[in-house]
Amino acid sequence: MQPINKLVKARPAFSKLSATIFILIFGVIGSIILLAAKAAGSSTISGNAFKDLNRNGIYDSGDTLLANQHLFFYKDDGTYLGNVYTDTSGNYSFGGLDDGSYIVQYAPASWWDIRSDFVPDTTGSIYPKVSLQLISTATASFGWRPITRSTDSNTPISTYTGANGVVINSYDDVVSAQDIYNRYQGLSLTGPEAPKTTIRFDISSTGSTTASASKSGSIYDSYSATSNLSYLGWLDKNGELSHEYGHAWSLYHAYISQQDPTMASYIQARGLSGDSRLNTSYAWSVREIIAEDYRQLFGVSDEQAITQLNRDIPLAKDVPGLKDFLQNSFTKTVATVGVGLSAPSNLTATAGSSAEGSTVTLRWDASTGGTNPIAKYDIYRGGQLIGSVSSASSVYTDTGVSAGISYSYYVKAVDSSGASSPASNTTSVTVPSPDTAPPSVPANLHVTSVSRNSVVMAWNASTDNIGVASYQVYSITVSKGKQLSNLIATVTNNSFTVTNLKSNTSYSYYVVAVDSAGNKSSPSSVLTTKTSR
């Protein structure tokens with residue numbers, strides 16, 4: 001295995017000192033603008049800022065109020081109105097407004113102090129910005145829940161395999177692997193490198209890509225790449241996704257398609273042949289330059305116009321013929337022909353669906369003949385390469401499929417020189433729809449015993465077309481005039497004991513059944529009981 005140098009990006013960030021200076025200047029200018037822009041009305045926007053430690057999206061007595069949080073106020077057309085700080089109790093109020101549409105958001109310095117470890121859960125997005133309609137009074141509160149992260153690279157919090165085979169792992173509970181894939185689909189020129197690439201989100205504090213390829217005789221093969229994306233890079237939309245994927249894409253085609261890791265043809269097309277500055281610094285690394293070209297020409301649309309890393313060379317769009325070269329010549333595979341290698345035979349496909357997702361399992365009979373030993377089998381879905389297995393295997397499971405959709409597959413054997421066999425027979429399969437039927441409602445929720453500090457409740461078992469997996473027990477409380485439901489336990493049997501209760505106090509509960517596919521029943525009737533004196 002021949003390693004490809006590790007590529008680490010440390011992108012410049014707006015410093016906290018810069019932010020402080022910016023806010024001071026902005027405050028002076030804003031005070032002047034405020035005189036003209038702020039209407040002399042009688043309506044008020046108020047709210048609070050707090051650490052939502054129990055992660056329920058509302059302020060509770062156990063949460064931590066945040067004082068001295070700097071907030072900006074705008075009209076919905078972007079006109080700046082003013083700013084306030086939360087008081088020692090974490091509250092703020094901004095009055096003298098006409099009724100209308102407004103925006104309230106955290107000032108950068110206050111956000112940067114908290115955003116690495118906490119995420120808003122009251123704004124409807126991962127950004128501390130609230131749009132609201134003001135009629136006399138309106139509330140815009142900023143709750144911050146702790147971010148849950150996995151630091152074990154083998155244990156992502158969520159994972160997703162795209163239709164083209166790319167694997168995405170997210171290591172926090174803020175941005176899901178599916179969310180990353182949805183944004184990733186804004187890239188173009190993704191192809192055979194996709195099933196060779198793993199994108200890891202929030203396992204590293206900086207963007208980076210590592211890749212490797214092995215060489216069999218004179219042929220580079222067995223390529224793989226891992227691109228790390230940082231959480232702060234995602235928040236700032238600093239171009240990491242497009243840039244890092246540009247590494248995975250360009251190195252694949254340099255090694256596998258062009259069989260030339262020096263990228264000589266690219267350097268010539270870029271107009272940099274003979275330039276003595278190449279590979280003398282980070283910005284002048286050929287691999288960084290082509291990754292930046294990929295971002296500008298084929299990246300996610302809102303990342304294409306970010307300032308180029310190397311400012312001493314023309315923008316990619318200004319280099320005549322470069323885009324056409326990268327789209328066509330650079331991605332053209334060096335042709336190889338397998339001598340005497342038969343096609344894999346008797347390919348079959350079996351579709352399945354479970355709580356973990358939909359799958360298609362392929363099986364085939366091995367290829368025979370050939371002047372070189374078989375190294376692997378390449379798997380194609382809809383004519384696109386999605387993965388490979390070793391020559392010792394004749395089974396492949398495709399997890400990047402969706403229920404209700406038909407897929408077609410074929411398989412090719414690849415020998416140790418990189419030559420491919422003819423394709424196997426093509427087989428098609430339709431993935432079945434998953435279980436969507438909820439369990440029946442838990443019935444007859446009742447108390448079996450009660451004491452000064454505990455309540456034992458039970459209910460009749462629910463039924464389900466597949467099977468009930470668990471029951472969720474909720475308590476009902478009233479806070480600030482609002483009725484709130486709180487999940488207090490998940491159990492597998494049909495009884496539960498609530499402890500640590502106050503004596504001579506009324507409590508209310510209900511139960512929800514959950515099946516193995518995650519479908520939930522409607523709530524049971526509410527049980528209200530009182531502990532003894």
# chains A, B, ... in the order shown; residues from 1 in each chain; ligands from 1
$ closest_atom_pairs --of "stretch 226-252 of chain A" --to "stretch 294-302 of chain A" --cutoff "9 Å" --atoms "only C-alpha atoms" --output "JSON lines"
{"residue": "A:Lys237", "atom": "CA", "partner": "A:Asp302", "partner_atom": "CA", "distance": 8.0}
{"residue": "A:Gly239", "atom": "CA", "partner": "A:Arg295", "partner_atom": "CA", "distance": 7.3}
{"residue": "A:Glu240", "atom": "CA", "partner": "A:Arg295", "partner_atom": "CA", "distance": 8.8}
{"residue": "A:Leu241", "atom": "CA", "partner": "A:Val300", "partner_atom": "CA", "distance": 8.0}
{"residue": "A:Ser242", "atom": "CA", "partner": "A:Gly299", "partner_atom": "CA", "distance": 4.8}
{"residue": "A:His243", "atom": "CA", "partner": "A:Arg295", "partner_atom": "CA", "distance": 5.2}
{"residue": "A:Glu244", "atom": "CA", "partner": "A:Arg295", "partner_atom": "CA", "distance": 8.6}
{"residue": "A:Tyr245", "atom": "CA", "partner": "A:Arg295", "partner_atom": "CA", "distance": 8.4}
{"residue": "A:Gly246", "atom": "CA", "partner": "A:Tyr294", "partner_atom": "CA", "distance": 5.2}
{"residue": "A:His247", "atom": "CA", "partner": "A:Tyr294", "partner_atom": "CA", "distance": 8.4}
{"residue": "A:Trp249", "atom": "CA", "partner": "A:Tyr294", "partner_atom": "CA", "distance": 8.5}
{"residue": "A:Ser250", "atom": "CA", "partner": "A:Tyr294", "partner_atom": "CA", "distance": 8.1}
$ select_by_dssp --residues "stretch 63-290 of chain A" --states "helix (DSSP H, G or I)" --output "PyMOL selection string"
chain A and resi 108-112+177-184+194-196+231-236+240-257+264-269+286-290
$ residues_around --residues "A:Gln259" --least-positions-apart "5" --cutoff "10 Å" --atoms "only C-alpha atoms" --output "list in words"
Lys215, Ser218, Ile219, Tyr220, Asp221, Tyr252, His253, Ala254, Thr333 and Val334 of chain A
$ select_by_dssp --residues "stretch 134-223 of chain A" --states "strand (DSSP E or B)" --output "MDAnalysis selection string"
chainID A and resid 134:135 137:139 142:146 149 158:161 167:170 172 197:201 207:216 219:223
$ residues_around --residues "A:Asn68" --least-positions-apart "4" --cutoff "9 Å" --atoms "only C-alpha atoms" --output "PyMOL selection string"
chain A and resi 84-88+90+110
$ write_last_selection --atoms "C-alpha atoms" --output "CSV table (one decimal), in the first residue's frame"
chain,number,residue,atom,x,y,z
A,84,VAL,CA,-28.7,45.0,24.0
A,85,TYR,CA,-27.0,42.7,26.5
A,86,THR,CA,-28.9,40.3,28.7
A,87,ASP,CA,-29.0,41.3,32.4
A,88,THR,CA,-27.7,39.4,35.4
A,90,GLY,CA,-30.2,36.3,31.5
A,110,SER,CA,-21.1,36.1,22.3
$ residues_around --residues "A:Ala225" --least-positions-apart "6" --cutoff "9 Å" --atoms "only C-alpha atoms" --output "compact mmCIF listing (two decimals) with C-alpha atoms, in the first residue's frame"
# COMPACT_ATOMS: atom_id res chain seq x y z
CA GLU A 193 -14.10 8.03 -6.44
CA LYS A 196 -13.83 4.85 -2.35
CA THR A 197 -14.38 7.90 -0.13
CA THR A 198 -15.47 8.28 3.49
CA ILE A 199 -16.47 11.71 4.79
CA THR A 209 -7.97 14.52 3.66
CA THR A 210 -5.87 11.37 3.69
CA ALA A 211 -5.74 8.94 0.80
CA SER A 212 -3.86 5.81 -0.21
CA ALA A 213 -3.33 3.66 -3.28
CA HIS A 247 -8.70 16.14 -2.79
CA ALA A 248 -10.51 12.79 -2.81
CA TRP A 249 -11.70 13.35 -6.38
CA LEU A 251 -6.18 12.06 -6.18
CA TYR A 252 -8.41 9.26 -7.40
$ residues_around --residues "stretch 519-523 of chain A" --least-positions-apart "4" --cutoff "7 Å" --atoms "only C-alpha atoms" --output "list in words"
Thr436, Ala437, Pro438, Pro439, Ser440, Val441, Tyr510, Val511, Val512, Ala513, Val514 and Asp515 of chain A
$ atom_distance --atom1 "atom CA of A:Glu292" --atom2 "atom CA of A:Gly165"
23.6 Å
$ decode --residues "stretch 228-241 of chain A" --atoms "N, CA and C atoms" --output "short mmCIF file (atom, residue, chain, number, x, y, z; two decimals), in the first residue's frame"
data_model
loop_
_atom_site.label_atom_id
_atom_site.label_comp_id
_atom_site.auth_asym_id
_atom_site.auth_seq_id
_atom_site.Cartn_x
_atom_site.Cartn_y
_atom_site.Cartn_z
N ASN A 228 -11.99 14.68 6.35
CA ASN A 228 -12.51 15.18 7.62
C ASN A 228 -13.06 16.59 7.44
N LEU A 229 -14.25 16.83 7.95
CA LEU A 229 -14.86 18.15 7.93
C LEU A 229 -15.05 18.61 9.38
N SER A 230 -14.76 19.87 9.66
CA SER A 230 -14.87 20.39 11.02
C SER A 230 -16.25 21.00 11.26
N TYR A 231 -16.67 20.99 12.51
CA TYR A 231 -17.97 21.56 12.88
C TYR A 231 -17.99 23.07 12.64
N LEU A 232 -16.92 23.78 13.05
CA LEU A 232 -16.90 25.23 12.86
C LEU A 232 -16.82 25.59 11.38
N GLY A 233 -16.13 24.77 10.60
CA GLY A 233 -16.10 25.00 9.15
C GLY A 233 -17.49 24.88 8.55
N TRP A 234 -18.27 23.93 9.06
CA TRP A 234 -19.65 23.76 8.60
C TRP A 234 -20.49 24.98 8.95
N LEU A 235 -20.35 25.46 10.22
CA LEU A 235 -21.12 26.63 10.64
C LEU A 235 -20.79 27.85 9.77
N ASP A 236 -19.50 28.02 9.47
CA ASP A 236 -19.05 29.20 8.74
C ASP A 236 -19.15 29.05 7.23
N LYS A 237 -19.48 27.84 6.76
CA LYS A 237 -19.56 27.57 5.32
C LYS A 237 -18.30 28.08 4.60
N ASN A 238 -17.15 27.62 5.11
CA ASN A 238 -15.87 28.14 4.63
C ASN A 238 -15.29 27.37 3.44
N GLY A 239 -16.06 26.48 2.85
CA GLY A 239 -15.60 25.77 1.66
C GLY A 239 -14.95 24.44 1.91
N GLU A 240 -14.91 23.99 3.16
CA GLU A 240 -14.23 22.74 3.49
C GLU A 240 -14.79 21.55 2.71
N LEU A 241 -16.11 21.43 2.64
CA LEU A 241 -16.69 20.25 2.01
C LEU A 241 -16.21 20.12 0.57
#
